[in-house]
>>> print(open('work_16.txt').read())   # compact mmCIF, C-alpha atoms
# COMPACT_ATOMS: atom_id res chain seq x y z
CA MET A 477 126.30 146.20 84.17
CA THR A 478 125.20 143.33 86.33
CA TYR A 479 124.85 143.96 90.04
CA VAL A 480 127.58 142.46 92.19
CA LEU A 481 126.61 141.53 95.75
CA HIS A 482 129.40 140.93 98.24
CA THR A 483 127.89 138.38 100.52
CA TRP A 484 128.17 135.96 103.41
CA PRO A 485 125.54 133.29 104.12
CA ASP A 486 122.75 134.23 106.53
CA SER A 487 124.08 137.76 107.04
CA ALA A 488 122.36 141.02 106.13
CA ALA A 489 123.41 140.22 102.56
CA LEU A 490 120.64 137.58 102.60
CA ILE A 491 118.06 140.38 102.72
CA VAL A 492 119.56 141.95 99.61
CA ARG A 493 119.72 138.59 97.85
CA LEU A 494 116.04 137.95 98.61
CA VAL A 495 115.15 141.29 97.04
CA LEU A 496 117.39 140.78 93.99
CA GLU A 497 115.73 137.38 93.45
CA GLU A 498 112.27 138.88 93.86
CA LEU A 499 113.08 141.62 91.33
CA GLY A 500 114.35 139.00 88.90
CA VAL A 501 117.33 141.14 87.92
CA ALA A 502 120.73 139.86 86.85
CA TYR A 503 123.32 139.77 89.60
CA ARG A 504 126.32 137.80 90.67
CA THR A 505 127.73 137.27 94.13
CA VAL A 506 131.19 137.39 95.60
CA THR A 507 131.49 135.39 98.81
CA ILE A 508 133.71 137.32 101.17
CA ASP A 509 136.73 135.50 102.50
CA ARG A 510 136.15 136.52 106.11
CA ALA A 511 138.71 134.15 107.58
CA GLY A 512 141.27 135.47 105.10
CA GLY A 513 140.73 139.03 106.32
CA ALA A 514 138.95 140.21 103.18
CA LEU A 515 136.73 142.62 105.13
CA ASP A 516 139.84 144.60 106.06
CA SER A 517 141.43 144.50 102.62
CA PRO A 518 141.98 147.87 100.91
CA ALA A 519 139.90 146.69 97.94
CA TYR A 520 136.88 145.90 100.12
CA ARG A 521 137.30 149.04 102.26
CA ALA A 522 137.21 151.09 99.05
CA LEU A 523 133.72 149.68 98.47
CA GLN A 524 132.59 149.59 102.12
CA PRO A 525 134.66 151.84 104.42
CA MET A 526 133.41 150.19 107.65
CA GLY A 527 134.40 146.71 106.51
CA LYS A 528 130.87 145.42 107.01
CA ILE A 529 128.60 143.17 104.97
CA PRO A 530 126.90 143.73 102.53
CA VAL A 531 127.87 146.05 99.73
CA LEU A 532 126.25 146.10 96.29
CA GLU A 533 128.12 147.29 93.23
CA THR A 534 125.73 149.12 90.90
CA PRO A 535 125.98 151.14 87.67
CA ASP A 536 125.75 154.19 89.98
CA GLY A 537 128.68 153.09 92.12
CA PRO A 538 128.94 150.92 95.23
CA ILE A 539 126.21 151.26 97.83
CA PHE A 540 126.29 149.99 101.41
CA GLU A 541 123.93 150.00 104.40
CA THR A 542 121.31 147.29 104.00
CA ALA A 543 118.36 149.68 104.09
CA ALA A 544 119.99 152.03 101.59
CA ILE A 545 120.56 149.13 99.19
CA LEU A 546 116.97 147.93 99.55
CA LEU A 547 115.54 151.39 98.96
CA TYR A 548 117.85 151.99 96.00
CA LEU A 549 116.76 148.72 94.35
CA SER A 550 113.07 149.41 94.91
CA GLU A 551 113.43 152.88 93.40
CA LYS A 552 115.56 151.75 90.47
CA HIS A 553 113.13 148.99 89.51
CA ALA A 554 109.92 150.76 90.64
CA SER A 555 108.90 147.71 92.62
CA LEU A 556 108.50 146.27 96.15
CA ALA A 557 107.79 149.65 97.85
CA PRO A 558 105.65 152.74 97.17
CA ALA A 559 107.58 155.05 94.82
CA PRO A 560 108.63 158.58 95.87
CA ASN A 561 105.78 161.07 95.68
CA THR A 562 103.04 158.44 95.71
CA PRO A 563 100.38 158.60 98.45
CA GLU A 564 101.61 155.59 100.43
CA ARG A 565 105.23 156.68 100.49
CA ALA A 566 105.05 158.60 103.78
CA ALA A 567 103.62 155.71 105.78
CA PHE A 568 106.00 153.24 104.17
CA LEU A 569 109.09 155.38 104.80
CA LYS A 570 108.44 155.98 108.48
CA TRP A 571 108.06 152.26 109.24
CA PHE A 572 110.95 151.32 106.97
CA ILE A 573 113.24 153.76 108.81
CA PHE A 574 111.81 152.60 112.13
CA VAL A 575 112.93 149.06 111.29
CA THR A 576 116.43 150.05 110.20
CA ASN A 577 116.96 152.51 113.06
CA GLU A 578 115.28 150.79 115.99
CA VAL A 579 114.62 147.13 115.28
CA HIS A 580 117.80 146.18 113.41
CA PRO A 581 120.27 147.73 115.94
CA THR A 582 118.34 146.12 118.79
CA VAL A 583 118.59 142.70 117.15
CA MET A 584 122.34 143.24 116.76
CA GLN A 585 122.60 144.11 120.48
CA ILE A 586 120.89 140.83 121.29
CA PHE A 587 123.41 138.92 119.19
CA TYR A 588 126.47 140.85 120.37
CA PRO A 589 125.63 142.12 123.89
CA ASP A 590 129.36 142.17 124.78
CA ARG A 591 129.90 145.05 122.38
CA ILE A 592 127.67 147.39 124.38
CA ALA A 593 129.32 147.40 127.78
CA GLY A 594 131.63 144.40 127.98
CA PRO A 595 130.98 140.78 128.99
CA GLU A 596 129.90 141.49 132.62
CA ALA A 597 126.92 143.52 131.48
CA ALA A 598 125.91 141.19 128.63
CA ALA A 599 123.01 139.53 130.45
CA ALA A 600 121.49 142.87 131.49
CA VAL A 601 121.98 144.33 128.02
CA THR A 602 120.23 141.31 126.50
CA LEU A 603 117.22 141.69 128.76
CA THR A 604 116.87 145.42 128.11
CA ALA A 605 117.25 144.94 124.36
CA THR A 606 114.73 142.09 124.39
CA ALA A 607 112.14 144.25 126.11
CA ARG A 608 112.71 147.02 123.57
CA LEU A 609 112.47 144.57 120.66
CA ARG A 610 109.15 143.21 121.94
CA GLU A 611 107.77 146.74 122.19
CA ASP A 612 108.91 147.61 118.68
CA LEU A 613 107.53 144.41 117.15
CA THR A 614 104.24 145.01 118.96
CA LEU A 615 104.02 148.45 117.34
CA LEU A 616 104.66 146.90 113.93
CA ASP A 617 102.21 144.03 114.44
CA ASP A 618 99.48 146.41 115.65
CA MET A 619 100.10 148.68 112.68
CA ILE A 620 99.70 145.80 110.20
CA ALA A 621 96.52 144.57 111.88
CA ARG A 622 95.09 148.09 111.88
CA ASP A 623 96.21 149.51 108.52
CA ARG A 624 96.73 146.40 106.35
CA PRO A 625 99.38 148.20 104.29
CA SER A 626 100.23 146.87 100.82
CA TRP A 627 103.95 147.38 101.56
CA LEU A 628 104.05 144.91 104.49
CA SER A 629 101.45 142.34 103.62
CA PRO A 630 100.87 138.61 103.13
CA ASP A 631 99.43 139.45 99.71
CA ALA A 632 102.54 140.92 98.09
CA PRO A 633 106.31 140.86 98.60
CA SER A 634 108.11 144.05 99.63
CA ILE A 635 111.54 145.21 100.71
CA LEU A 636 110.20 145.88 104.20
CA GLY A 637 108.66 142.39 104.40
CA TYR A 638 111.94 140.67 103.55
CA PHE A 639 113.85 143.00 105.90
CA VAL A 640 111.70 142.29 108.96
CA ALA A 641 111.35 138.60 108.12
CA THR A 642 115.12 138.13 108.06
CA LEU A 643 115.63 140.01 111.34
CA VAL A 644 113.01 137.78 112.95
CA ARG A 645 114.61 134.72 111.32
CA TRP A 646 117.76 135.45 113.28
CA ILE A 647 116.05 135.70 116.64
CA SER A 648 114.16 132.52 115.79
CA THR A 649 117.49 130.70 115.61
CA LEU A 650 118.50 131.62 119.17
CA GLU A 651 118.82 128.62 121.42
CA SER A 652 115.73 127.41 123.23
CA GLY A 653 115.31 129.29 126.50
CA HIS A 654 117.05 132.45 125.24
CA PRO A 655 114.94 135.39 126.45
CA ALA A 656 114.84 137.03 123.01
CA ARG A 657 113.89 133.91 121.08
CA TRP A 658 110.99 134.66 118.73
CA PRO A 659 107.72 133.84 120.48
CA ALA A 660 105.83 132.23 117.60
CA GLY A 661 102.16 133.17 117.67
CA LYS A 662 102.63 136.33 119.72
CA PHE A 663 102.77 138.52 116.63
CA PRO A 664 100.09 137.05 114.34
CA ALA A 665 100.03 139.78 111.70
CA LEU A 666 103.78 139.61 111.20
CA GLY A 667 103.61 135.82 111.22
CA GLU A 668 101.17 135.84 108.28
CA VAL A 669 103.54 138.04 106.29
CA PHE A 670 106.52 135.75 106.96
CA ALA A 671 104.57 132.56 106.14
CA SER A 672 103.53 134.02 102.82
CA LEU A 673 106.98 135.33 101.90
CA GLU A 674 108.91 132.13 102.53
CA THR A 675 106.90 130.13 99.98
CA ARG A 676 107.79 132.49 97.14
CA PRO A 677 110.18 131.22 94.48
CA ALA A 678 112.52 134.12 95.26
CA ALA A 679 112.73 133.16 98.94
CA LEU A 680 113.29 129.49 98.11
CA ALA A 681 116.04 130.40 95.63
CA ALA A 682 117.79 132.71 98.11
CA ALA A 683 117.50 130.11 100.87
CA LYS A 684 119.03 127.48 98.64
CA ALA A 685 121.86 129.77 97.57
CA ASP A 686 122.74 130.47 101.22
CA GLY A 687 122.42 126.79 102.15
CA LEU A 688 119.35 127.31 104.35
CA GLY A 689 116.23 125.18 104.70
CA PRO A 690 112.91 125.68 102.90
CA THR A 691 111.09 127.46 105.77
CA ILE A 692 113.63 130.22 106.34
CA PHE A 693 111.30 132.53 108.24
CA THR A 694 108.80 130.46 110.19
CA ALA A 695 110.95 127.43 111.07
CA PRO A 696 114.57 128.33 110.36
CA THR A 697 117.32 125.80 110.65
CA MET B 229 101.69 174.50 105.75
CA TYR B 230 103.32 171.65 107.62
CA LEU B 231 102.82 171.05 111.32
CA LEU B 232 105.94 169.91 113.19
CA HIS B 233 105.60 168.35 116.63
CA ASP B 234 108.75 169.45 118.40
CA MET B 235 110.71 169.89 121.63
CA PRO B 236 113.52 172.33 122.46
CA ASP B 237 117.01 171.39 121.24
CA SER B 238 115.85 168.03 119.89
CA CYS B 239 115.75 166.28 116.51
CA SER B 240 112.86 168.42 115.39
CA LEU B 241 115.45 171.22 114.90
CA ILE B 242 117.10 169.17 112.14
CA ILE B 243 113.81 169.12 110.26
CA ARG B 244 113.16 172.75 111.06
CA LEU B 245 116.51 173.91 109.69
CA VAL B 246 116.09 171.92 106.46
CA MET B 247 112.62 173.39 105.97
CA ASP B 248 113.69 176.96 106.80
CA GLU B 249 116.62 176.74 104.40
CA ALA B 250 114.27 175.46 101.67
CA GLY B 251 111.68 178.15 102.43
CA LEU B 252 109.00 175.61 103.36
CA PRO B 253 106.35 177.02 105.71
CA CYS B 254 106.19 175.13 108.98
CA GLN B 255 104.26 175.65 112.17
CA ALA B 256 105.62 174.28 115.43
CA ALA B 257 103.42 172.27 117.80
CA PRO B 258 105.38 171.94 121.06
CA VAL B 259 105.14 168.56 122.78
CA ASP B 260 105.27 168.69 126.55
CA ALA B 261 107.97 166.35 127.88
CA GLU B 262 105.96 165.18 130.88
CA ALA B 263 102.77 164.78 128.87
CA ARG B 264 104.70 162.75 126.31
CA ARG B 265 106.07 160.45 128.98
CA THR B 266 102.66 159.77 130.44
CA ASP B 267 100.89 160.20 127.09
CA SER B 268 98.37 162.48 128.77
CA ASP B 269 98.16 164.69 125.68
CA GLY B 270 97.48 161.77 123.36
CA TYR B 271 100.76 162.20 121.47
CA ARG B 272 100.83 158.47 120.77
CA ALA B 273 97.64 158.84 118.80
CA ILE B 274 99.65 161.06 116.44
CA THR B 275 102.69 158.81 116.42
CA PRO B 276 102.52 155.38 118.07
CA THR B 277 106.25 155.30 118.84
CA GLY B 278 106.04 158.53 120.89
CA LEU B 279 109.19 159.72 119.09
CA ILE B 280 110.02 163.38 118.46
CA PRO B 281 109.75 164.78 115.83
CA ALA B 282 106.60 164.01 113.87
CA LEU B 283 105.60 165.98 110.79
CA GLU B 284 102.00 166.25 109.67
CA THR B 285 101.89 166.17 105.88
CA PRO B 286 99.17 165.88 103.23
CA GLN B 287 100.05 162.14 103.20
CA GLY B 288 99.57 161.80 106.94
CA VAL B 289 101.98 161.88 109.86
CA VAL B 290 105.62 160.98 109.25
CA PHE B 291 107.94 160.11 112.14
CA GLU B 292 111.63 159.10 112.34
CA THR B 293 113.99 161.95 111.48
CA GLY B 294 115.51 160.05 108.54
CA ALA B 295 112.09 159.28 107.07
CA ILE B 296 110.94 162.89 107.35
CA LEU B 297 114.15 164.10 105.69
CA LEU B 298 113.86 161.67 102.80
CA TRP B 299 110.18 162.40 102.33
CA LEU B 300 110.87 166.17 102.21
CA CYS B 301 113.80 165.56 99.85
CA ASP B 302 111.64 163.72 97.33
CA ARG B 303 108.67 166.04 97.70
CA HIS B 304 110.62 169.28 97.35
CA GLY B 305 113.73 168.30 95.42
CA LEU B 306 116.21 168.86 98.26
CA GLY B 307 118.70 166.25 97.04
CA PRO B 308 119.41 163.76 94.25
CA SER B 309 116.17 162.16 93.03
CA GLU B 310 115.69 158.42 92.54
CA ALA B 311 116.82 158.83 88.93
CA ALA B 312 120.12 160.57 89.75
CA PRO B 313 123.39 158.61 90.03
CA ALA B 314 124.28 160.49 93.25
CA ARG B 315 121.24 158.90 94.89
CA THR B 316 123.45 155.98 95.99
CA THR B 317 125.77 158.34 97.86
CA LEU B 318 122.91 160.19 99.52
CA LEU B 319 121.16 157.00 100.63
CA LYS B 320 124.18 155.19 102.01
CA TRP B 321 125.32 158.17 104.10
CA LEU B 322 121.84 159.15 105.23
CA PHE B 323 121.25 155.61 106.46
CA PHE B 324 124.69 155.37 108.04
CA VAL B 325 124.15 158.63 109.92
CA SER B 326 120.66 157.62 110.95
CA ASN B 327 120.92 153.96 111.95
CA THR B 328 124.57 153.76 113.01
CA LEU B 329 125.96 157.13 114.12
CA HIS B 330 122.73 158.53 115.55
CA ALA B 331 121.68 155.17 117.02
CA ASP B 332 125.01 154.84 118.87
CA LEU B 333 124.91 158.46 120.04
CA ARG B 334 121.51 157.84 121.57
CA GLN B 335 123.23 155.27 123.80
CA LEU B 336 125.49 158.05 125.10
CA PHE B 337 122.60 160.45 125.66
CA TYR B 338 120.51 157.87 127.50
CA PRO B 339 122.88 155.15 128.81
CA GLU B 340 120.37 154.19 131.50
CA SER B 341 118.07 152.88 128.77
CA TYR B 342 120.71 150.40 127.60
CA VAL B 343 122.95 149.30 130.50
CA PRO B 344 122.81 149.00 134.29
CA LYS B 345 124.46 151.82 136.22
CA ALA B 346 127.44 149.70 137.28
CA ALA B 347 128.34 149.08 133.63
CA GLN B 348 128.15 152.67 132.45
CA ASP B 349 131.90 153.39 132.54
CA GLY B 350 132.71 150.46 130.29
CA HIS B 351 129.77 151.36 128.09
CA HIS B 352 131.02 154.93 127.68
CA ALA B 353 134.49 153.73 126.68
CA LEU B 354 133.17 151.24 124.09
CA ILE B 355 130.54 153.47 122.55
CA THR B 356 132.62 156.66 122.39
CA ALA B 357 135.38 154.71 120.60
CA ARG B 358 132.81 153.44 118.12
CA VAL B 359 131.22 156.85 117.59
CA LYS B 360 134.61 158.43 116.94
CA ARG B 361 135.23 155.87 114.21
CA HIS B 362 131.83 156.72 112.72
CA PHE B 363 132.61 160.45 112.73
CA ALA B 364 135.99 159.76 111.07
CA LEU B 365 134.27 157.83 108.26
CA VAL B 366 131.75 160.60 107.73
CA ASP B 367 134.57 163.15 107.78
CA ALA B 368 136.22 161.29 104.89
CA ALA B 369 132.89 161.18 103.05
CA VAL B 370 132.43 164.94 103.43
CA ALA B 371 135.92 165.57 102.09
CA ASP B 372 135.13 163.24 99.19
CA ALA B 373 131.71 164.66 98.18
CA PRO B 374 131.35 168.11 99.80
CA GLY B 375 128.39 169.04 97.59
CA LEU B 376 126.23 166.41 99.24
CA PHE B 377 126.98 167.94 102.65
CA ALA B 378 126.36 171.57 101.64
CA PRO B 379 123.69 173.77 103.24
CA GLY B 380 120.35 173.17 101.57
CA GLY B 381 120.76 169.39 101.65
CA LEU B 382 119.68 166.88 104.27
CA LEU B 383 123.00 165.70 105.64
CA ALA B 384 124.64 168.92 106.85
CA PRO B 385 121.87 169.87 109.29
CA TYR B 386 121.56 166.28 110.51
CA LEU B 387 125.30 165.99 111.19
CA ALA B 388 125.65 169.51 112.61
CA PHE B 389 123.10 168.82 115.32
CA LEU B 390 124.64 165.43 116.12
CA ILE B 391 127.96 167.27 116.56
CA ARG B 392 126.28 169.82 118.85
CA TRP B 393 124.69 167.14 121.03
CA SER B 394 127.89 165.08 121.14
CA VAL B 395 129.53 168.06 122.85
CA LEU B 396 126.62 168.96 125.12
CA TYR B 397 124.56 165.94 126.03
CA ALA B 398 126.70 162.79 126.12
CA SER B 399 126.99 161.26 129.58
CA GLY B 400 130.27 160.23 131.16
CA PRO B 401 133.79 161.71 131.13
CA GLN B 402 134.23 164.93 129.12
CA PRO B 403 135.40 166.10 126.72
CA TRP B 404 135.35 162.98 124.61
CA PHE B 405 134.54 164.66 121.28
CA MET B 406 136.57 167.41 119.59
CA LEU B 407 135.27 168.84 116.35
CA SER B 408 138.82 169.85 115.40
CA ASP B 409 139.63 166.13 114.98
CA TYR B 410 137.35 166.12 111.92
CA PRO B 411 138.43 168.96 109.60
CA ALA B 412 135.90 168.38 106.82
CA LEU B 413 133.04 168.18 109.32
CA ALA B 414 134.33 171.31 111.06
CA LEU B 415 134.27 173.22 107.79
CA MET B 416 130.78 171.92 107.05
CA ALA B 417 129.59 173.04 110.51
CA HIS B 418 131.14 176.51 110.11
CA THR B 419 129.53 176.97 106.70
CA LEU B 420 126.10 175.87 107.87
CA GLU B 421 126.32 177.95 111.02
CA ALA B 422 126.96 181.15 109.03
CA ARG B 423 123.80 180.77 106.96
CA PRO B 424 121.10 183.39 107.64
CA ALA B 425 118.48 180.64 108.03
CA THR B 426 120.61 178.99 110.73
CA GLN B 427 121.19 182.26 112.58
CA ARG B 428 117.49 183.15 112.53
CA LEU B 429 116.44 179.75 113.84
CA MET B 430 119.12 179.71 116.55
CA ALA B 431 118.11 183.19 117.72
CA ALA B 432 114.49 182.08 117.97
CA GLU B 433 115.50 178.95 119.89
CA ARG B 434 117.97 180.86 122.09
CA LEU B 435 120.85 178.55 121.17
CA GLY B 436 123.46 181.26 120.51
CA THR B 437 125.38 182.20 117.39
CA THR B 438 127.78 179.21 117.34
CA PRO B 439 125.42 176.28 117.95
CA PHE B 440 127.63 173.77 116.11
CA THR B 441 131.24 174.92 116.48
CA ALA B 442 131.09 176.16 120.08
CA PRO B 443 127.74 175.02 121.44
CA ARG B 444 126.29 175.95 124.78
CA PRO B 445 123.03 174.67 126.25
CA ALA B 446 119.82 176.41 125.36
CA THR B 447 118.81 179.28 127.58
CA ALA B 448 115.24 178.05 127.12
CA PRO B 449 113.84 176.26 130.17
CA VAL B 450 113.96 172.70 128.82
CA ALA B 451 116.65 171.09 126.68
CA ALA B 452 116.79 167.50 125.59
CA ALA B 453 118.58 165.72 122.79
CA THR B 454 116.73 162.80 121.28
>>> encode(input="work_16.txt", output="structure tokens")
Amino acid sequence: MTYVLHTWPDSAALIVRLVLEELGVAYRTVTIDRAGGALDSPAYRALQPMGKIPVLETPDGPIFETAAILLYLSEKHASLAPAPNTPERAAFLKWFIFVTNEVHPTVMQIFYPDRIAGPEAAAAVTLTATARLREDLTLLDDMIARDRPSWLSPDAPSILGYFVATLVRWISTLESGHPARWPAGKFPALGEVFASLETRPAALAAAKADGLGPTIFTAPT
Amino acid sequence: MYLLHDMPDSCSLIIRLVMDEAGLPCQAAPVDAEARRTDSDGYRAITPTGLIPALETPQGVVFETGAILLWLCDRHGLGPSEAAPARTTLLKWLFFVSNTLHADLRQLFYPESYVPKAAQDGHHALITARVKRHFALVDAAVADAPGLFAPGGLLAPYLAFLIRWSVLYASGPQPWFMLSDYPALALMAHTLEARPATQRLMAAERLGTTPFTAPRPATAPVAAAT
């Protein structure tokens, strides 16, 4: 069975598409009719009970949660992350979970600050979330500079690389002057990883499919 | 022998219960709350995020509750392996609990870290509504695949402690969470609570005999959800 990715351009489904392209496995996409209410349809809710994007249909059933999908694909195809019970797995897992638990929710708070405590508190929420994001990205950047891990590296693609690169892509598209806008150059180790990833055929193919420009991570349009 | 850096009534108990149930030897290394805040005991040299818990393993230190659980699962066969079809179900619910339910609950435990004081009422209303929806989704998942949420797995201890802390440690108007609203989760919590491993651990931690279904704060000097 071919994988089926339910997708929307430049959403978290982009991360899954990047990884599917990098794995070179057969898949097809279904673009969700958001305006038509497809996220709330019984058929979609049967696949993804929260009505969120993405979901991936697999031979083992539908799987949702971006990080769960990425980990599943890496395990199934023994690629793009250290396998279970290999020496690098522990270090990989803790930073992978750190990104899905801390960095990703913080980025979402920056994009939707109203959802935290209403519109009046949005500016304060944005500032607090921005400070937390900077701290978390500093931890990641320092870790790369110190440990040079193979699973988040300019030398090889990985599920964690594509995950972080896409999160940073989004904050790079914030309007000029936004406090959380990605400060290019402030995180050099991460920057090297992103610059290397975006030139890969898989990244170019995913960018094209989602209608994005050729430098999706370092100079997104 | 594993070394677990822990604090009373915190996420380290999730790890501890999973390890006790699996018969994995584990030694506790208490982290002092004040020392952690000021880093005077060098805890950040062990784990740069300063998060509790951290588990010292033969592959180095692992932090993030979800990462420790998954690492233990793969190392000791505590759930479906990467070759098993049920792996999809384990992963999607483990990640949902970890990065959505737990992440939102943390906002209720520590609202001051997310919003200014003046906005905390609105924050409580929005986040509790969201968390209740999360619990309802998990409740349906438990009813659907009870085996995955049985004692001995990763998810039951994780959820049972989140239920406990929802009752005890959320800020704002109370009670906002009733376990009886989630029948499958309530059954899961009752079953886990009755296990000898749970009772032994709770006695040692002075958390009483009904830590999940009728929780009361620890009688130990310091209690803090994470």
>>> atom_distance(input="work_16.txt", atom1="CA of Ile280 in chain B", atom2="CA of Pro236 in chain B")
10.4 Å
>>> closest_atom_pairs(input="work_16.txt", of="chain A", to="chain B", cutoff="8 Å", atoms="all atoms listed in the file", output="Markdown table")
| residue | atom | partner | partner_atom | distance |
| --- | --- | --- | --- | --- |
| A:Pro525 | CA | B:Leu365 | CA | 7.1 |
| A:Met526 | CA | B:Leu365 | CA | 7.7 |
| A:Asp536 | CA | B:Pro313 | CA | 5.0 |
| A:Gly537 | CA | B:Thr316 | CA | 7.1 |
| A:Pro538 | CA | B:Thr316 | CA | 7.5 |
| A:Ile539 | CA | B:Thr316 | CA | 5.8 |
| A:Phe540 | CA | B:Lys320 | CA | 5.6 |
| A:Glu541 | CA | B:Lys320 | CA | 5.7 |
| A:Ala543 | CA | B:Phe323 | CA | 7.0 |
| A:Ala544 | CA | B:Leu319 | CA | 5.2 |
| A:Ile545 | CA | B:Lys320 | CA | 7.6 |
| A:Tyr548 | CA | B:Thr316 | CA | 6.9 |
| A:Glu551 | CA | B:Glu310 | CA | 6.0 |
| A:Lys552 | CA | B:Glu310 | CA | 7.0 |
| A:Pro560 | CA | B:Asp302 | CA | 6.1 |
| A:Asn561 | CA | B:Arg303 | CA | 6.1 |
| A:Pro563 | CA | B:Gln287 | CA | 5.9 |
| A:Glu564 | CA | B:Gln287 | CA | 7.3 |
| A:Arg565 | CA | B:Trp299 | CA | 7.8 |
| A:Ala566 | CA | B:Val290 | CA | 6.0 |
| A:Ala567 | CA | B:Val290 | CA | 6.6 |
| A:Leu569 | CA | B:Ala295 | CA | 5.4 |
| A:Lys570 | CA | B:Ala295 | CA | 5.1 |
| A:Ile573 | CA | B:Ala295 | CA | 5.9 |
| A:Phe574 | CA | B:Glu292 | CA | 6.5 |
| A:Thr576 | CA | B:Asn327 | CA | 6.2 |
| A:Asn577 | CA | B:Asn327 | CA | 4.4 |
| A:Glu578 | CA | B:Asn327 | CA | 7.6 |
| A:Pro581 | CA | B:Asn327 | CA | 7.4 |
| A:Arg591 | CA | B:Leu354 | CA | 7.2 |
| A:Ile592 | CA | B:His351 | CA | 5.8 |
| A:Ala593 | CA | B:His351 | CA | 4.0 |
| A:Gly594 | CA | B:Gly350 | CA | 6.6 |
| A:Glu596 | CA | B:Ala347 | CA | 7.8 |
| A:Ala597 | CA | B:Ala347 | CA | 6.1 |
| A:Ala600 | CA | B:Val343 | CA | 6.7 |
| A:Val601 | CA | B:Val343 | CA | 5.6 |
| A:Thr604 | CA | B:Tyr342 | CA | 6.3 |
| A:Ala605 | CA | B:Tyr342 | CA | 7.2 |
| A:Leu615 | CA | B:Pro276 | CA | 7.1 |
>>> write_last_selection(input="work_16.txt", atoms="C-alpha atoms", output="PDB file, in the coordinates of the input")
ATOM      1  CA  PRO A 525     134.660 151.840 104.420  1.00  0.00           C
ATOM      2  CA  MET A 526     133.410 150.190 107.650  1.00  0.00           C
ATOM      3  CA  ASP A 536     125.750 154.190  89.980  1.00  0.00           C
ATOM      4  CA  GLY A 537     128.680 153.090  92.120  1.00  0.00           C
ATOM      5  CA  PRO A 538     128.940 150.920  95.230  1.00  0.00           C
ATOM      6  CA  ILE A 539     126.210 151.260  97.830  1.00  0.00           C
ATOM      7  CA  PHE A 540     126.290 149.990 101.410  1.00  0.00           C
ATOM      8  CA  GLU A 541     123.930 150.000 104.400  1.00  0.00           C
ATOM      9  CA  ALA A 543     118.360 149.680 104.090  1.00  0.00           C
ATOM     10  CA  ALA A 544     119.990 152.030 101.590  1.00  0.00           C
ATOM     11  CA  ILE A 545     120.560 149.130  99.190  1.00  0.00           C
ATOM     12  CA  TYR A 548     117.850 151.990  96.000  1.00  0.00           C
ATOM     13  CA  GLU A 551     113.430 152.880  93.400  1.00  0.00           C
ATOM     14  CA  LYS A 552     115.560 151.750  90.470  1.00  0.00           C
ATOM     15  CA  PRO A 560     108.630 158.580  95.870  1.00  0.00           C
ATOM     16  CA  ASN A 561     105.780 161.070  95.680  1.00  0.00           C
ATOM     17  CA  PRO A 563     100.380 158.600  98.450  1.00  0.00           C
ATOM     18  CA  GLU A 564     101.610 155.590 100.430  1.00  0.00           C
ATOM     19  CA  ARG A 565     105.230 156.680 100.490  1.00  0.00           C
ATOM     20  CA  ALA A 566     105.050 158.600 103.780  1.00  0.00           C
ATOM     21  CA  ALA A 567     103.620 155.710 105.780  1.00  0.00           C
ATOM     22  CA  LEU A 569     109.090 155.380 104.800  1.00  0.00           C
ATOM     23  CA  LYS A 570     108.440 155.980 108.480  1.00  0.00           C
ATOM     24  CA  ILE A 573     113.240 153.760 108.810  1.00  0.00           C
ATOM     25  CA  PHE A 574     111.810 152.600 112.130  1.00  0.00           C
ATOM     26  CA  THR A 576     116.430 150.050 110.200  1.00  0.00           C
ATOM     27  CA  ASN A 577     116.960 152.510 113.060  1.00  0.00           C
ATOM     28  CA  GLU A 578     115.280 150.790 115.990  1.00  0.00           C
ATOM     29  CA  PRO A 581     120.270 147.730 115.940  1.00  0.00           C
ATOM     30  CA  ARG A 591     129.900 145.050 122.380  1.00  0.00           C
ATOM     31  CA  ILE A 592     127.670 147.390 124.380  1.00  0.00           C
ATOM     32  CA  ALA A 593     129.320 147.400 127.780  1.00  0.00           C
ATOM     33  CA  GLY A 594     131.630 144.400 127.980  1.00  0.00           C
ATOM     34  CA  GLU A 596     129.900 141.490 132.620  1.00  0.00           C
ATOM     35  CA  ALA A 597     126.920 143.520 131.480  1.00  0.00           C
ATOM     36  CA  ALA A 600     121.490 142.870 131.490  1.00  0.00           C
ATOM     37  CA  VAL A 601     121.980 144.330 128.020  1.00  0.00           C
ATOM     38  CA  THR A 604     116.870 145.420 128.110  1.00  0.00           C
ATOM     39  CA  ALA A 605     117.250 144.940 124.360  1.00  0.00           C
ATOM     40  CA  LEU A 615     104.020 148.450 117.340  1.00  0.00           C
TER      41      LEU A 615
END
>>> atom_distance(input="work_16.txt", atom1="CA of Leu609 in chain A", atom2="CA of Phe663 in chain A")
12.1 Å
>>> closest_residue(input="work_16.txt", among="B:Leu283, B:Leu306, B:Met229, B:Ala364", to="Phe377 in chain B", atoms="only C-alpha atoms")
B:Leu306
>>> atom_distance(input="work_16.txt", atom1="CA of Thr505 in chain A", atom2="CA of Leu680 in chain A")
16.9 Å
>>> residues_near_point(input="work_16.txt", point="(120.1, 130.3, 100.3)", cutoff="9 Å", atoms="only C-alpha atoms", output="number ranges by chain")
A: 485-486, 490, 493-494, 679-690, 692
>>> axis_aligned_box(input="work_16.txt", around="range 579-585 of chain A", padding_each_side="5 Å", output="JSON")
{"center_x": 118.6, "center_y": 145.2, "center_z": 116.9, "size_x": 18.0, "size_y": 15.0, "size_z": 17.1}
>>> residues_around(input="work_16.txt", residues="range 396-412 of chain B", least_positions_apart="3", cutoff="9 Å", atoms="only C-alpha atoms", output="ChimeraX atom specification")
/B:333-339,348-349,352-353,356,360,363-364,366-371,374,391-393,415-417,441,443-445,452-453
